[in-house]
Amino acid sequence: MKITEVVAALVWRGEKFLICRRPENKARALLWEFPGGKVERGESKEEALVRECREELDLPVQPVRVFAEVTHTYPDLTVHLTLFSCTADGEPRMLEHAALAWITASEIPMYAFCPADTQILNLLQEGKT
């Protein structure tokens, strides 16, 4: 089984973190997720994350450390997701996503997230940061 390497950013602003709503024309349309994307051949995970956040949000991020890693199988693919705690400069711009939001851990139940994020969301709700 081929596993797709995916990276995502956990960007904090005070007690809130950034989430993005997937576009209508992509798999898992209109579900919420952490910003990020696929690692391309020849890229490190950190390089992929910096590139994806620049391409999708025009947001310069700096990965600080791995927050969590999960593997999840969807009907169409299996992903290995590495979520990095990141710092960011500036304001994200909505270049690809349907919406952006800054939320607290207590607000997680108000959003329909991609299933691969479930374990990570549980950690955030338990107060792990």
# chains A, B, ... in the order shown; residues from 1 in each chain; ligands from 1
$ select_by_dssp --residues "chain A" --states "strand (DSSP E or B)" --output "PyMOL selection string"
chain A and resi 3-13+16-21+32-33+36-38+61-73+78-88+99-103+113
$ write_last_selection --atoms "C-alpha atoms" --output "mmCIF file, in the first residue's frame"
data_model
loop_
_atom_site.group_PDB
_atom_site.id
_atom_site.type_symbol
_atom_site.label_atom_id
_atom_site.label_comp_id
_atom_site.auth_asym_id
_atom_site.auth_seq_id
_atom_site.Cartn_x
_atom_site.Cartn_y
_atom_site.Cartn_z
ATOM 1 C CA ILE A 3 1.433 5.975 1.737
ATOM 2 C CA THR A 4 1.248 9.669 0.851
ATOM 3 C CA GLU A 5 3.387 11.879 3.056
ATOM 4 C CA VAL A 6 1.469 14.970 4.144
ATOM 5 C CA VAL A 7 2.562 17.851 6.363
ATOM 6 C CA ALA A 8 0.530 20.444 8.210
ATOM 7 C CA ALA A 9 1.116 23.520 10.346
ATOM 8 C CA LEU A 10 -0.181 24.188 13.833
ATOM 9 C CA VAL A 11 0.048 27.975 13.917
ATOM 10 C CA TRP A 12 -0.977 29.675 17.156
ATOM 11 C CA ARG A 13 -2.172 33.219 17.760
ATOM 12 C CA LYS A 16 -6.295 30.239 18.939
ATOM 13 C CA PHE A 17 -4.889 28.171 16.080
ATOM 14 C CA LEU A 18 -5.392 28.425 12.323
ATOM 15 C CA ILE A 19 -7.643 26.034 10.405
ATOM 16 C CA CYS A 20 -8.607 26.021 6.727
ATOM 17 C CA ARG A 21 -11.692 24.764 4.905
ATOM 18 C CA TRP A 32 -11.736 21.702 7.852
ATOM 19 C CA GLU A 33 -8.051 20.899 8.234
ATOM 20 C CA GLY A 36 -0.380 22.149 4.594
ATOM 21 C CA GLY A 37 -0.189 19.553 1.858
ATOM 22 C CA LYS A 38 1.740 16.767 0.187
ATOM 23 C CA VAL A 61 5.937 29.730 8.384
ATOM 24 C CA GLN A 62 8.860 28.356 10.331
ATOM 25 C CA PRO A 63 8.452 24.769 11.571
ATOM 26 C CA VAL A 64 9.637 24.536 15.194
ATOM 27 C CA ARG A 65 8.988 20.914 16.209
ATOM 28 C CA VAL A 66 6.809 17.922 15.397
ATOM 29 C CA PHE A 67 3.574 18.167 17.397
ATOM 30 C CA ALA A 68 2.060 14.841 16.289
ATOM 31 C CA GLU A 69 2.170 12.172 13.586
ATOM 32 C CA VAL A 70 -0.737 9.998 12.462
ATOM 33 C CA THR A 71 -1.472 7.554 9.670
ATOM 34 C CA HIS A 72 -5.009 7.444 8.308
ATOM 35 C CA THR A 73 -6.585 5.427 5.500
ATOM 36 C CA THR A 78 -3.525 6.430 2.952
ATOM 37 C CA VAL A 79 -1.781 9.459 4.433
ATOM 38 C CA HIS A 80 0.998 9.780 6.958
ATOM 39 C CA LEU A 81 0.409 13.232 8.449
ATOM 40 C CA THR A 82 3.125 15.096 10.312
ATOM 41 C CA LEU A 83 1.831 18.174 12.129
ATOM 42 C CA PHE A 84 4.481 20.746 13.027
ATOM 43 C CA SER A 85 4.149 23.461 15.642
ATOM 44 C CA CYS A 86 5.080 26.576 13.662
ATOM 45 C CA THR A 87 5.652 30.250 13.994
ATOM 46 C CA ALA A 88 4.322 32.510 11.255
ATOM 47 C CA ALA A 99 -12.532 29.695 4.367
ATOM 48 C CA LEU A 100 -10.033 30.340 7.158
ATOM 49 C CA ALA A 101 -10.651 30.512 10.899
ATOM 50 C CA TRP A 102 -8.753 31.015 14.126
ATOM 51 C CA ILE A 103 -10.296 28.774 16.794
ATOM 52 C CA PHE A 113 -12.708 18.182 10.210
#
$ closest_residue --among "A:Lys128, A:Lys26, A:Arg54, A:Arg41" --to "Ala98 in chain A" --atoms "only C-alpha atoms"
A:Lys26
$ closest_residue --among "A:Val50, A:Met94, A:Leu77, A:Leu123" --to "Arg28 in chain A" --atoms "only C-alpha atoms"
A:Leu77
$ atom_distance --atom1 "CA of Tyr111 in chain A" --atom2 "CA of Asn25 in chain A"
19.1 Å
$ atom_distance --atom1 "CA of Asp58 in chain A" --atom2 "CA of Asp117 in chain A"
22.8 Å
$ atom_distance --atom1 "CA of Leu57 in chain A" --atom2 "CA of Ala29 in chain A"
17.6 Å
$ residues_around --residues "Ala27 in chain A" --least-positions-apart "4" --cutoff "12 Å" --atoms "only C-alpha atoms" --output "MDAnalysis selection string"
chainID A and resid 21:23 31:32 74:77 114
$ write_last_selection --atoms "N, CA and C atoms" --output "JSON list (two decimals), in the first residue's frame"
[["chain", "number", "residue", "atom", "x", "y", "z"],
["A", 21, "ARG", "N", -10.63, 25.59, 5.47],
["A", 21, "ARG", "CA", -11.69, 24.76, 4.91],
["A", 21, "ARG", "C", -11.33, 24.40, 3.48],
["A", 22, "ARG", "N", -11.34, 23.09, 3.20],
["A", 22, "ARG", "CA", -10.95, 22.61, 1.88],
["A", 22, "ARG", "C", -11.88, 23.14, 0.79],
["A", 23, "PRO", "N", -11.34, 23.37, -0.41],
["A", 23, "PRO", "CA", -12.17, 23.86, -1.52],
["A", 23, "PRO", "C", -13.21, 22.81, -1.94],
["A", 31, "LEU", "N", -14.44, 20.16, 4.19],
["A", 31, "LEU", "CA", -14.06, 19.79, 5.55],
["A", 31, "LEU", "C", -12.92, 20.70, 5.99],
["A", 32, "TRP", "N", -12.78, 20.86, 7.28],
["A", 32, "TRP", "CA", -11.74, 21.70, 7.85],
["A", 32, "TRP", "C", -10.49, 20.88, 8.09],
["A", 74, "TYR", "N", -8.03, 6.65, 4.02],
["A", 74, "TYR", "CA", -9.28, 7.08, 3.40],
["A", 74, "TYR", "C", -9.63, 6.05, 2.34],
["A", 75, "PRO", "N", -10.84, 6.09, 1.78],
["A", 75, "PRO", "CA", -11.17, 5.16, 0.70],
["A", 75, "PRO", "C", -10.24, 5.29, -0.52],
["A", 76, "ASP", "N", -9.74, 6.50, -0.77],
["A", 76, "ASP", "CA", -8.93, 6.73, -1.97],
["A", 76, "ASP", "C", -7.42, 6.80, -1.73],
["A", 77, "LEU", "N", -6.97, 6.93, -0.49],
["A", 77, "LEU", "CA", -5.54, 6.98, -0.20],
["A", 77, "LEU", "C", -5.26, 6.82, 1.28],
["A", 114, "CYS", "N", -11.41, 16.91, 8.63],
["A", 114, "CYS", "CA", -10.99, 15.71, 7.92],
["A", 114, "CYS", "C", -10.72, 14.61, 8.97]]
$ closest_residue --among "A:Ile120, A:Ala112, A:His97, A:Ala105" --to "Glu24 in chain A" --atoms "only C-alpha atoms"
A:His97
$ closest_residue --among "A:Glu40, A:Pro115, A:Glu15, A:Glu56" --to "Glu96 in chain A" --atoms "only C-alpha atoms"
A:Glu56
$ residues_around --residues "Ser106 in chain A" --least-positions-apart "3" --cutoff "9 Å" --atoms "only C-alpha atoms" --output "short mmCIF file (atom, residue, chain, number, x, y, z; two decimals) with N, CA and C atoms, in the first residue's frame"
data_model
loop_
_atom_site.label_atom_id
_atom_site.label_comp_id
_atom_site.auth_asym_id
_atom_site.auth_seq_id
_atom_site.Cartn_x
_atom_site.Cartn_y
_atom_site.Cartn_z
N ILE A 103 -9.40 29.34 15.79
CA ILE A 103 -10.30 28.77 16.79
C ILE A 103 -9.53 28.34 18.04
N PRO A 109 -15.44 21.13 18.31
CA PRO A 109 -16.67 20.41 17.95
C PRO A 109 -17.61 21.18 17.00
N MET A 110 -17.39 22.47 16.84
CA MET A 110 -18.24 23.28 15.97
C MET A 110 -17.87 23.14 14.49
N LEU A 124 -5.33 18.30 21.25
CA LEU A 124 -5.55 19.73 21.50
C LEU A 124 -6.65 19.94 22.54
N GLN A 125 -7.71 19.14 22.46
CA GLN A 125 -8.81 19.26 23.43
C GLN A 125 -8.38 18.83 24.82
#
